[in-house]
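**Q** Got a structure here, written out as structure tokens. Questions coming.
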Amino acid sequence: MFRIRRIYDDVLPTNQVAIGEVKRIFVEQFPAARRDDIEKINEYLRNPFLQRFRTVLYVAENGRGHVIGFATMLHEPELSFCYLDYLTTAKGVSGRGVGAALYEHVRDEAVTLAAKALWFECLPDEPGACQDATLRKQNVARLRFYETFGVRRLAGTAYETPVPGGTADNLPHLMVDTLDRDVPLPAAYVRKVARAVLERKYGDICPPEYVKQVVHSIREPVQLGGLRYASHPLHRPAAPLPPERIAMAINDKHDIHHIRERGYVEAPVRIRVIQSALNGSGLVEVLGVREYPLKHITAVHDAEFVEYLRRACANAPVGKSIYPYVFPVRNAARPPKELSIRAGYYCIDTFTPIHQNAFIAAKRAVDCTLTVADAILRGRRVGYALVRPPGHHAERRSFGGFCYFNNAAVAAHYLSRFGKVAILDLDYHHGNGQQEIFYERNDVLTISIHGDPEFAYPYFSGFADERGSGPGQGFNVNIPLPETQTGEDYRRALKRAVNMVVEFGPAVLLVALGLDIAKGDPTGTWALSPRDFEENGRIIGAMSLPTLVVQEGGYRTRTLGTNALRFFQGLVAGSRAAQGERIAVSRNM
């Protein structure tokens, strides 16, 4: 068993390991090839047009996660063609299944990128063109493999002409896969392809006069050689690749935390309507939730606070909620013995209760978020922790605002072992929890776009001059906005925040997704529509970062599901567009 996945960059450890294994296989299988083609793969992935091509890397991994084959493809979006650079399996990998699966992914990727054709080079199979019988046998096998996909060689040109001072033996053919299009190739298009390949890939060995000679030899009608080893193609038609599904974990214990008092809007129905909207979309893959030790929570929350919350919830009367009502304005250093009275020692408001199941549900929300974080670390590009209770108001030693543990902060600290992390909080209310927890750190950038604390909860934090302290100076950013905001107003602030994230250059982006910025939300005053949520998602997706979305607020259940769906549709579309994955509207030339 094996899986095929695309490697977008070398940021995460799983991708770094995979790229290292790709380099090892390359050296084993192509000992005579130019090492620059693979040694610079990290740079090519990070800087798509370093070669004036966009580099696409696919790997085949076995059940233990080791690379057993890879394919690299170059994409030229302006000329609408793709070029297969290398495709091979590791030594000892038998059968054609891995190679065929990789090539099918490459073909589908080319269609997804709206390429008119997929091009590559193949060494000759004729005795006069390849004198070494062993090499010729390998060349025949390679040509036979590609012909089963309908690939044919460009004929009647000077492409096989030796470069000045070079050998005439074993010179490659230029091959073309028309991706199942039965249309002629215009000579002008083929000339541009040949020039781009010779100048960009082989510019150091192909002088301008040689390139000119080859390009001018391509004339109408363009001739393609016949199939020598396959009478007809034996493959499935190439088709656009569907977007990689979002790895979603749902808090399967959220509904035990159900505060039934009048006006308590943080209710189980929130999760149900979002889940219902996403289930039929084809965008998500639901993961099983793993259980994680408390040490990940106490890494960002005070251990005494965590233990208090555990004991207080366990001792709460069945079916009843305990609300804090006495707060330590004086003598905060001496908490009272009675757990119910001590609630005010740890809580920042009077509407977030101690309840028998609050600790269990909040702990499970953290488990969900870390489950998705691990999926990101294994190579998934986008993940979603659909959780309640929310978390972004929970500080190191306090809870409030319906929040008990800070899900996003726990995940950010967990991920920060592997590189810098940015938290982009989009909730209507200030993400005071992340601010307080990371205020003195420079490896986690915290940005919050929210209603000005002059009128919006939590009132005492979220001002623009709160910028971090010590090593964290400048790494906390608050963007407080007026009481009235249209979608266009909001996008201006969002683009400003996105520019800061890009400048910071994180390994992973965490989005604290508040849907309470929507029109009609009972806890907000803004007027964002479903279209606005889609545009917001598109702007964030265009950063093309590994992204973990954690659910925060949002309480207008009539539109909650629609807004969540549109946000993720925009997020996926923005990410694909950033990778040059323009969906082909027409299969015609």
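Each chain of the structure tokens is named A, B, ... in the order shown, its residues numbered from 1; ligands are numbered from 1 in display order.
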Quick one: everything within 9 Å of A:Ser575, counting only C-alpha atoms, minus sequence neighbours fewer than 4 positions away in the same chain. Send it as a PyMOL selection string.
**A** chain A and resi 538-545+570-571+579-581
**Q** Counting only C-alpha atoms, what is within 8 Å of stretch 466-477 of chain A, bar same-chain residues fewer than 6 positions away, as a list in words?
**A**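 That gives Gln435, Phe438, Tyr439, Glu440, Arg441, Asn442, Val444, Leu445, Thr446, Ile447 and Ser448 of chain A.
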**Q** Hey, can you check how far atom CA of A:Gly128 sits from atom CA of A:Glu160?
**A**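 Value for the atom CA of A:Gly128-atom CA of A:Glu160 distance: 12.6 Å.
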**Q** Using DSSP on the backbone coordinates, identify all residues within stretch 135-291 of chain A classified as alpha helix (DSSP H); present the result as a short mmCIF file (atom, residue, chain, number, x, y, z; two decimals) with C-alpha atoms, in the first residue's frame.
**A**
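That gives us result.cif:
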```cif
data_model
loop_
_atom_site.label_atom_id
_atom_site.label_comp_id
_atom_site.auth_asym_id
_atom_site.auth_seq_id
_atom_site.Cartn_x
_atom_site.Cartn_y
_atom_site.Cartn_z
CA LEU A 135 20.69 1.43 -22.11
CA ARG A 136 18.60 0.82 -25.21
CA LYS A 137 16.63 -1.88 -23.39
CA GLN A 138 15.90 0.56 -20.55
CA ASN A 139 14.86 3.22 -23.05
CA VAL A 140 12.47 0.79 -24.74
CA ALA A 141 10.86 -0.08 -21.40
CA ARG A 142 10.43 3.62 -20.60
CA LEU A 143 8.89 4.40 -23.99
CA ARG A 144 6.56 1.40 -23.71
CA PHE A 145 5.39 2.65 -20.31
CA TYR A 146 4.59 6.15 -21.58
CA GLU A 147 2.95 4.96 -24.79
CA ALA A 187 3.63 24.95 -34.57
CA ALA A 188 3.84 28.39 -32.92
CA TYR A 189 2.91 26.84 -29.57
CA VAL A 190 5.39 23.95 -29.95
CA ARG A 191 8.17 26.39 -30.88
CA LYS A 192 7.55 28.36 -27.67
CA VAL A 193 7.64 25.15 -25.63
CA ALA A 194 10.91 24.01 -27.21
CA ARG A 195 12.52 27.41 -26.71
CA ALA A 196 11.45 27.58 -23.05
CA VAL A 197 12.82 24.10 -22.32
CA LEU A 198 16.15 24.64 -24.09
CA GLU A 199 16.76 28.14 -22.74
CA ARG A 200 15.58 27.66 -19.16
CA LYS A 201 16.66 24.08 -18.45
CA PRO A 208 21.52 30.81 -28.80
CA GLU A 209 22.30 29.70 -32.38
CA TYR A 210 21.58 26.08 -31.47
CA VAL A 211 18.25 27.02 -29.84
CA LYS A 212 17.36 29.07 -32.91
CA GLN A 213 18.16 26.10 -35.18
CA VAL A 214 15.93 23.72 -33.22
CA VAL A 215 13.04 26.17 -32.87
CA HIS A 216 13.03 27.10 -36.57
CA VAL A 269 -26.88 23.58 17.82
CA ARG A 270 -23.93 25.73 16.69
CA ILE A 271 -21.85 22.66 15.90
CA ARG A 272 -24.73 20.76 14.33
CA VAL A 273 -25.58 23.45 11.77
CA ILE A 274 -21.94 23.93 10.73
CA GLN A 275 -21.36 20.17 10.49
CA SER A 276 -24.52 19.74 8.44
CA ALA A 277 -23.46 22.45 5.97
CA LEU A 278 -19.97 20.97 5.51
CA ASN A 279 -20.89 17.28 5.37
#
```
**Q** When DSSP is applied to the backbone of this structure, which of stretch 11-140 of chain A are assigned strand (DSSP E or B)? Write them out as a VMD selection string.
**A** chain A and resid 54 to 62 67 to 76 81 to 89 117 to 122
**Q** Report, in Å to a single decimal, how far apart atom CA of A:Val11 and atom CA of A:Ala493 are.
**A**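 If I compute the distance from atom CA of A:Ala493 to atom CA of A:Val11, I get 27.2 Å.
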